[in-house]
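Source file start-v7.cif; content: mmCIF, C-alpha atoms.
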data_structure
#
loop_
_atom_site.label_atom_id
_atom_site.label_comp_id
_atom_site.auth_asym_id
_atom_site.auth_seq_id
_atom_site.Cartn_x
_atom_site.Cartn_y
_atom_site.Cartn_z
CA MET A 1 -45.77 -42.82 14.58
CA THR A 2 -45.18 -40.24 11.87
CA GLN A 3 -47.27 -40.69 8.71
CA ASN A 4 -45.47 -41.03 5.38
CA ASN A 5 -46.97 -37.81 3.98
CA LYS A 6 -45.54 -35.66 6.76
CA ASP A 7 -42.02 -34.47 7.41
CA PHE A 8 -40.27 -36.33 10.19
CA ARG A 9 -37.73 -34.43 12.22
CA ILE A 10 -35.33 -35.12 15.03
CA ASP A 11 -35.90 -32.12 17.28
CA VAL A 12 -32.92 -31.93 19.64
CA GLU A 13 -34.44 -29.09 21.63
CA GLU A 14 -37.66 -31.04 22.23
CA ILE A 15 -35.74 -34.18 23.24
CA VAL A 16 -33.68 -32.19 25.76
CA ARG A 17 -36.83 -30.54 27.10
CA SER A 18 -38.53 -33.90 27.61
CA LYS A 19 -35.47 -35.39 29.34
CA ALA A 20 -34.60 -32.36 31.49
CA GLY A 21 -38.13 -31.57 32.67
CA SER A 22 -38.26 -28.56 34.98
CA LYS A 23 -34.48 -28.13 34.73
CA TYR A 24 -34.71 -27.31 31.03
CA LYS A 25 -35.10 -23.58 31.67
CA TYR A 26 -31.61 -23.47 33.19
CA ILE A 27 -29.90 -24.82 30.06
CA PRO A 28 -28.20 -21.95 28.15
CA ARG A 29 -29.25 -21.47 24.52
CA PRO A 30 -25.65 -21.86 23.26
CA VAL A 31 -25.65 -25.35 24.74
CA ILE A 32 -28.76 -26.27 22.74
CA SER A 33 -27.15 -24.86 19.58
CA TRP A 34 -23.99 -26.85 20.22
CA LEU A 35 -26.03 -30.04 20.74
CA LYS A 36 -27.80 -29.51 17.42
CA HIS A 37 -24.38 -29.20 15.76
CA ILE A 38 -22.65 -32.17 17.40
CA LEU A 39 -25.74 -34.36 16.86
CA HIS A 40 -25.86 -33.33 13.17
CA GLN A 41 -29.54 -32.43 13.46
CA ASP A 42 -29.78 -30.92 9.97
CA GLU A 43 -27.94 -33.80 8.23
CA VAL A 44 -29.94 -36.45 10.06
CA ASN A 45 -33.23 -34.77 9.23
CA GLN A 46 -32.22 -34.42 5.59
CA TYR A 47 -31.61 -38.19 5.53
CA LEU A 48 -34.83 -39.03 7.36
CA ASN A 49 -36.93 -36.90 5.01
CA GLY A 50 -35.00 -37.93 1.93
CA ARG A 51 -33.55 -41.41 1.37
CA ALA A 52 -35.18 -42.94 4.45
CA ARG A 53 -38.61 -41.40 3.99
CA GLY A 54 -41.41 -43.96 4.20
CA LYS A 55 -39.03 -46.84 5.05
CA TYR A 56 -39.42 -48.96 8.18
CA GLY A 57 -37.76 -51.95 9.80
CA MET A 58 -35.42 -53.94 7.56
CA GLU A 59 -35.87 -51.56 4.62
CA TRP A 60 -34.86 -48.62 6.84
CA LEU A 61 -31.80 -50.48 8.14
CA ASP A 62 -30.69 -51.43 4.62
CA GLU A 63 -30.99 -47.82 3.51
CA CYS A 64 -29.02 -46.66 6.54
CA VAL A 65 -26.19 -49.11 5.78
CA ALA A 66 -26.10 -47.76 2.22
CA TYR A 67 -26.22 -44.14 3.41
CA LEU A 68 -23.24 -44.73 5.71
CA GLU A 69 -21.42 -46.53 2.87
CA MET A 70 -20.58 -49.44 5.17
CA ASN A 71 -18.46 -52.19 3.66
CA LEU A 72 -19.31 -55.37 5.56
CA ASP A 73 -17.32 -58.61 5.51
CA VAL A 74 -19.79 -61.06 7.11
CA ARG A 75 -18.44 -64.39 8.32
CA GLY A 76 -20.19 -67.45 9.79
CA LEU A 77 -23.75 -66.31 9.05
CA ASP A 78 -24.60 -69.16 6.68
CA ALA A 79 -23.73 -71.71 9.34
CA LEU A 80 -26.29 -70.38 11.79
CA PRO A 81 -29.54 -72.32 12.32
CA ASP A 82 -32.86 -70.85 11.27
CA ASN A 83 -35.96 -70.51 13.44
CA THR A 84 -37.40 -73.87 12.38
CA GLY A 85 -39.55 -75.41 15.09
CA GLY A 86 -40.10 -72.09 16.82
CA HIS A 87 -36.60 -71.85 18.22
CA TYR A 88 -35.49 -68.27 18.75
CA TYR A 89 -32.12 -66.99 19.87
CA THR A 90 -30.46 -64.40 22.04
CA ILE A 91 -27.86 -62.67 19.87
CA VAL A 92 -25.14 -60.78 21.74
CA SER A 93 -22.38 -58.59 20.37
CA ASN A 94 -19.61 -56.31 21.46
CA HIS A 95 -20.42 -52.65 20.87
CA PRO A 96 -17.38 -50.86 19.41
CA LEU A 97 -19.13 -48.02 17.57
CA GLY A 98 -22.37 -47.19 19.35
CA GLY A 99 -24.51 -46.77 16.23
CA GLU A 100 -23.35 -48.27 12.96
CA ASP A 101 -22.74 -51.67 14.54
CA GLY A 102 -26.36 -51.85 15.69
CA VAL A 103 -27.68 -50.76 12.30
CA ALA A 104 -25.49 -53.22 10.39
CA LEU A 105 -26.26 -56.18 12.66
CA GLY A 106 -29.98 -55.43 12.46
CA SER A 107 -29.84 -55.37 8.67
CA ILE A 108 -27.86 -58.61 8.45
CA LEU A 109 -30.06 -60.45 10.95
CA CYS A 110 -33.35 -59.19 9.49
CA HIS A 111 -32.36 -60.78 6.18
CA LYS A 112 -31.31 -63.99 7.91
CA TYR A 113 -34.39 -64.29 10.12
CA ASP A 114 -37.11 -62.69 8.00
CA SER A 115 -37.24 -59.55 10.20
CA ARG A 116 -37.92 -61.57 13.33
CA ILE A 117 -35.55 -59.37 15.31
CA LYS A 118 -36.07 -57.14 18.31
CA TYR A 119 -33.50 -54.78 19.78
CA LEU A 120 -33.37 -53.92 23.46
CA VAL A 121 -32.33 -50.27 23.12
CA ASN A 122 -32.12 -46.94 24.90
CA ASP A 123 -35.55 -45.36 24.64
CA ILE A 124 -34.13 -42.25 22.95
CA LEU A 125 -33.72 -44.32 19.76
CA MET A 126 -37.49 -44.50 19.50
CA ASN A 127 -37.17 -41.01 18.01
CA LEU A 128 -35.91 -42.77 14.86
CA ASP A 129 -39.27 -43.55 13.30
CA GLY A 130 -37.98 -46.16 10.85
CA LEU A 131 -36.17 -48.12 13.55
CA ALA A 132 -38.95 -48.05 16.13
CA PRO A 133 -40.87 -51.14 14.85
CA LEU A 134 -37.86 -53.32 15.71
CA CYS A 135 -37.21 -51.86 19.16
CA ILE A 136 -38.09 -52.62 22.75
CA PRO A 137 -37.33 -49.28 24.45
CA ILE A 138 -35.45 -49.42 27.72
CA ASN A 139 -35.15 -46.57 30.21
CA LYS A 140 -34.05 -47.79 33.62
CA THR A 141 -33.82 -44.33 35.13
CA GLY A 142 -37.07 -42.69 34.00
CA SER A 143 -40.73 -43.24 34.74
CA GLN A 144 -40.56 -46.38 32.63
CA SER A 145 -38.07 -48.02 35.01
CA ARG A 146 -40.70 -49.96 36.97
CA ASN A 147 -41.84 -51.60 33.72
CA PHE A 148 -38.31 -52.61 32.70
CA PRO A 149 -38.53 -56.27 33.83
CA LYS A 150 -41.90 -56.75 32.11
CA MET A 151 -40.64 -55.26 28.85
CA VAL A 152 -37.58 -57.51 28.84
CA ASP A 153 -39.76 -60.55 29.52
CA ALA A 154 -42.09 -59.54 26.69
CA ALA A 155 -39.15 -59.49 24.27
CA PHE A 156 -37.98 -62.95 25.30
CA GLN A 157 -41.51 -64.36 25.24
CA SER A 158 -42.08 -63.12 21.68
CA ASP A 159 -41.57 -64.97 18.41
CA ASN A 160 -38.47 -62.91 17.71
CA ASN A 161 -34.74 -63.26 18.08
CA VAL A 162 -33.45 -60.75 20.63
CA LEU A 163 -30.39 -58.66 19.75
CA MET A 164 -28.50 -57.21 22.70
CA PHE A 165 -25.32 -55.30 23.49
CA PRO A 166 -24.78 -56.55 27.05
CA ALA A 167 -22.21 -53.88 27.92
CA GLY A 168 -24.96 -51.27 27.66
CA LEU A 169 -22.41 -48.67 26.55
CA CYS A 170 -20.16 -48.71 23.51
CA SER A 171 -16.57 -49.88 23.98
CA ARG A 172 -13.99 -47.88 25.87
CA LYS A 173 -10.21 -47.70 25.57
CA GLN A 174 -8.64 -49.37 28.59
CA ASN A 175 -4.91 -49.92 28.97
CA GLY A 176 -4.47 -49.22 25.27
CA GLU A 177 -7.10 -51.81 24.24
CA ILE A 178 -10.54 -51.02 22.84
CA ARG A 179 -12.93 -53.34 24.61
CA ASP A 180 -16.41 -53.43 26.13
CA LEU A 181 -16.93 -52.76 29.81
CA ASP A 182 -18.24 -55.69 31.86
CA TRP A 183 -21.27 -57.36 30.32
CA LYS A 184 -24.54 -57.34 32.26
CA LYS A 185 -25.98 -60.73 33.17
CA THR A 186 -29.54 -60.14 31.88
CA PHE A 187 -28.99 -62.07 28.63
CA ILE A 188 -27.76 -65.10 30.58
CA THR A 189 -30.61 -65.03 33.09
CA LYS A 190 -33.30 -64.62 30.42
CA SER A 191 -31.77 -67.11 28.00
CA ILE A 192 -31.88 -69.75 30.72
CA GLU A 193 -35.40 -68.81 31.78
CA TYR A 194 -36.76 -68.92 28.22
CA HIS A 195 -34.53 -71.74 26.92
CA ARG A 196 -32.85 -69.64 24.24
CA ASP A 197 -29.44 -70.56 22.89
CA VAL A 198 -27.00 -67.65 22.66
CA ILE A 199 -25.38 -66.61 19.37
CA PRO A 200 -22.13 -64.66 19.93
CA VAL A 201 -21.09 -61.98 17.42
CA HIS A 202 -17.93 -59.93 17.08
CA PHE A 203 -18.06 -56.58 15.26
CA SER A 204 -14.77 -54.91 14.34
CA GLY A 205 -14.21 -51.16 14.41
CA ARG A 206 -13.37 -48.25 16.65
CA ASN A 207 -14.19 -44.63 17.36
CA SER A 208 -11.80 -41.68 17.44
CA GLU A 209 -9.20 -40.93 20.11
CA ARG A 210 -11.28 -37.87 21.00
CA PHE A 211 -14.20 -40.09 21.95
CA TYR A 212 -12.11 -42.36 24.18
CA ASN A 213 -10.42 -39.39 25.83
CA ILE A 214 -13.79 -37.82 26.66
CA ALA A 215 -15.14 -41.13 28.00
CA ASN A 216 -12.08 -41.67 30.19
CA MET A 217 -12.21 -38.09 31.45
CA CYS A 218 -15.83 -38.59 32.50
CA LYS A 219 -14.81 -41.73 34.36
CA ARG A 220 -11.96 -39.97 36.17
CA LEU A 221 -14.29 -37.13 37.17
CA ASN A 222 -16.94 -39.66 38.25
CA LEU A 223 -19.59 -37.89 36.21
CA LYS A 224 -23.02 -39.50 36.28
CA VAL A 225 -24.00 -38.06 32.89
CA ASN A 226 -22.69 -40.04 29.91
CA ILE A 227 -21.28 -37.05 28.02
CA ALA A 228 -19.39 -39.29 25.58
CA MET A 229 -22.73 -40.53 24.21
CA LEU A 230 -23.39 -37.05 22.82
CA PHE A 231 -20.52 -37.53 20.36
CA LEU A 232 -21.70 -40.85 18.90
CA VAL A 233 -23.56 -39.32 15.95
CA ASP A 234 -20.46 -37.31 15.10
CA GLU A 235 -18.41 -40.51 15.38
CA MET A 236 -20.87 -42.21 13.02
CA TYR A 237 -20.24 -39.60 10.35
CA LYS A 238 -16.48 -39.95 10.86
CA ASN A 239 -16.84 -43.67 10.07
CA VAL A 240 -18.70 -43.21 6.76
CA GLY A 241 -17.20 -45.36 4.02
CA LYS A 242 -15.15 -47.61 6.31
CA SER A 243 -14.95 -51.41 6.28
CA PHE A 244 -15.99 -53.71 9.12
CA THR A 245 -15.77 -57.45 9.76
CA VAL A 246 -18.78 -59.15 11.36
CA THR A 247 -18.07 -62.65 12.71
CA PHE A 248 -20.85 -64.96 13.93
CA GLY A 249 -20.05 -67.86 16.22
CA GLN A 250 -21.99 -71.07 16.71
CA PRO A 251 -24.92 -70.94 19.14
CA ILE A 252 -24.06 -71.69 22.75
CA PRO A 253 -26.74 -74.01 24.25
CA TRP A 254 -28.55 -72.39 27.15
CA GLN A 255 -27.84 -75.51 29.24
CA THR A 256 -24.16 -74.47 29.19
CA PHE A 257 -24.90 -71.81 31.78
CA ASP A 258 -25.06 -74.10 34.80
CA SER A 259 -24.30 -73.57 38.49
CA THR A 260 -20.53 -73.89 38.08
CA ARG A 261 -20.43 -70.13 37.52
CA SER A 262 -22.65 -67.23 38.55
CA HIS A 263 -24.71 -65.55 35.85
CA THR A 264 -22.35 -62.57 35.97
CA GLU A 265 -19.35 -64.86 35.47
CA TRP A 266 -21.07 -66.62 32.55
CA ALA A 267 -21.71 -63.22 30.95
CA GLN A 268 -18.00 -62.40 31.03
CA TRP A 269 -17.25 -65.90 29.70
CA VAL A 270 -19.44 -65.25 26.65
CA LYS A 271 -17.84 -61.82 26.25
CA ASP A 272 -14.42 -63.51 26.10
CA LYS A 273 -15.76 -65.90 23.45
CA VAL A 274 -16.89 -62.92 21.38
CA TYR A 275 -13.43 -61.38 21.45
CA GLU A 276 -11.92 -64.73 20.47
CA LEU A 277 -14.11 -64.59 17.36
CA GLY A 278 -12.49 -61.27 16.51
CA LYS A 279 -9.09 -62.94 16.37
CA GLN A 280 -10.10 -65.56 13.82
#
Do you think you could lay out the structure here as structure tokens?
Amino acid sequence: MTQNNKDFRIDVEEIVRSKAGSKYKYIPRPVISWLKHILHQDEVNQYLNGRARGKYGMEWLDECVAYLEMNLDVRGLDALPDNTGGHYYTIVSNHPLGGEDGVALGSILCHKYDSRIKYLVNDILMNLDGLAPLCIPINKTGSQSRNFPKMVDAAFQSDNNVLMFPAGLCSRKQNGEIRDLDWKKTFITKSIEYHRDVIPVHFSGRNSERFYNIANMCKRLNLKVNIAMLFLVDEMYKNVGKSFTVTFGQPIPWQTFDSTRSHTEWAQWVKDKVYELGKQ
């Protein structure tokens, strides 16, 4: 982890090199330059070495919320139980934005639960030094893939509430509606196994039409690479200064998820409950 007395930089070229491996040499230099631009490398590094310098965990998240000038209308939080008696929760949310929603929810929940929060996140986010202490990195496709089940179990066995976005990807526009893709069943399976009640959360917001058009084009072309993800930092900057409503529902007892439905069906059931919260 980077020491406080050193500059910390997001190095897009180095990240691409580490991900591409031997194929890196075939990537044209203009592509690298474009990636640095669309990922706002200079602006992000200015933030990391300025306002966010030396901040970690909850303090880093709070600073990020302030930097993005997020106006948050938080509902239902006060009614949630605390962790008295060693009870920890699985907290699941829709994922409309792909960045700001995770930052805001982490900040809110760290204050509620005294920083006893762990994200299950794409391993590339470990490049954000201030966020790393709260993260369990997940990379199902790389060399880490064989350790994926153990890392998930470690999160659920810990004395932390686990925050997840079960869709895995941020929301897409389908039939004119902005909504998550199908939710993965992992949070159901692990919540049952470790006797964790599930707290549903709805986060309002949307990305630009450009983002949804790119995502849908990738789907039509059956591309394996998630090109739309490259635009999420740019989308984040487009959303600076906007207002969002965050609605927490009451915990759903883990015993609810019985044999009347499959785990996959229960996951979609919880997803529907989340979107009902958004209509309140």
Resolved residues for the PyMOL selection byres ((chain A and resi 45-57) around 7) as number ranges by chain:
A: 4, 7-10, 41-44, 58-61, 63, 130-131, 133-134
Name the residues in contact with Gln255 in chain A at a cut-off of 10 Å, using only C-alpha atoms, excluding same-chain residues fewer than 4 positions from it; report them as a PyMOL selection string.
chain A and resi 191-192+195-197
So which residues get picked by the PyMOL selection byres ((chain A and resi 104-114) around 7) here, written as a short mmCIF file (atom, residue, chain, number, x, y, z; two decimals) with C-alpha atoms, in the frame of the given file?
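Full text of selection-v4.cif as output:
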data_model
loop_
_atom_site.label_atom_id
_atom_site.label_comp_id
_atom_site.auth_asym_id
_atom_site.auth_seq_id
_atom_site.Cartn_x
_atom_site.Cartn_y
_atom_site.Cartn_z
CA MET A 58 -35.42 -53.94 7.56
CA LEU A 61 -31.80 -50.48 8.14
CA ASP A 62 -30.69 -51.43 4.62
CA VAL A 65 -26.19 -49.11 5.78
CA ASP A 82 -32.86 -70.85 11.27
CA GLU A 100 -23.35 -48.27 12.96
CA ASP A 101 -22.74 -51.67 14.54
CA GLY A 102 -26.36 -51.85 15.69
CA VAL A 103 -27.68 -50.76 12.30
CA SER A 115 -37.24 -59.55 10.20
CA ARG A 116 -37.92 -61.57 13.33
CA ILE A 117 -35.55 -59.37 15.31
#
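For range 243-250 of chain A, the non-local neighbours within 6 Å, defined as residues at least 3 positions apart in the same chain or in other chains and counting all atoms listed in the file, are A:Asn71, A:Leu72, A:Asp73, A:Val74, A:Arg75, A:Gly76, A:Leu77, A:Pro200, A:Val201, A:His202, A:Phe203, A:Ser204.
Residue selection for this entry, given the PyMOL selection byres ((chain A and resi 212) around 10), comprises A:Ser171, A:Arg172, A:Lys173, A:Gln174, A:Ile178, A:Arg206, A:Asn207, A:Ser208, A:Glu209, A:Arg210, A:Phe211, A:Asn213, A:Ile214, A:Ala215, A:Asn216, A:Met217, A:Cys218, A:Ala228.
Take CA of Trp34 in chain A and CA of Lys224 in chain A: the distance between them is 20.5 Å.
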Pick from A:Leu181, A:Val152, A:Leu80, A:Val121: nearest to Gln268 in chain A, with all atoms listed in the file counted?
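Among the listed residues, A:Leu181 lies closest to Gln268 in chain A.
Note that the spacing between CA of Val162 in chain A and CA of Asp258 in chain A amounts to 21.2 Å.
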Can you measure CA of Asn147 in chain A to CA of Gly168 in chain A for me? One decimal in Å is fine.
17.9 Å
Pick the closest to Lys271 in chain A from A:Leu223, A:Asn94, A:Ile252, A:Gly176: which is it, counting all atoms listed in the file?
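Looking at the shortest contact to Lys271 in chain A, the residue is A:Asn94.
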Residue among A:Leu68, A:Ile32, A:Val12, A:Ile38 lying closest to Asn239 in chain A, counting only C-alpha atoms:
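Nearest candidate to Asn239 in chain A out of A:Leu68, A:Ile32, A:Val12, A:Ile38: A:Leu68.
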Polymer residues at most 9 Å from Asn83 in chain A, only C-alpha atoms, same-chain spacing of 5 or more positions, as a tab-separated table (two decimals) with C-alpha atoms, keeping the file's coordinate frame:
chain	number	residue	atom	x	y	z
A	88	TYR	CA	-35.49	-68.27	18.75
A	89	TYR	CA	-32.12	-66.99	19.87
A	113	TYR	CA	-34.39	-64.29	10.12
A	161	ASN	CA	-34.74	-63.26	18.08
Check the smallest atom-to-atom distance from each of A:Leu97, A:Leu35, A:Ile91, A:Met151 to Ile227 in chain A using only C-alpha atoms, then report the winner.
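Ranking A:Leu97, A:Leu35, A:Ile91, A:Met151 by distance to Ile227 in chain A, first place goes to A:Leu35.
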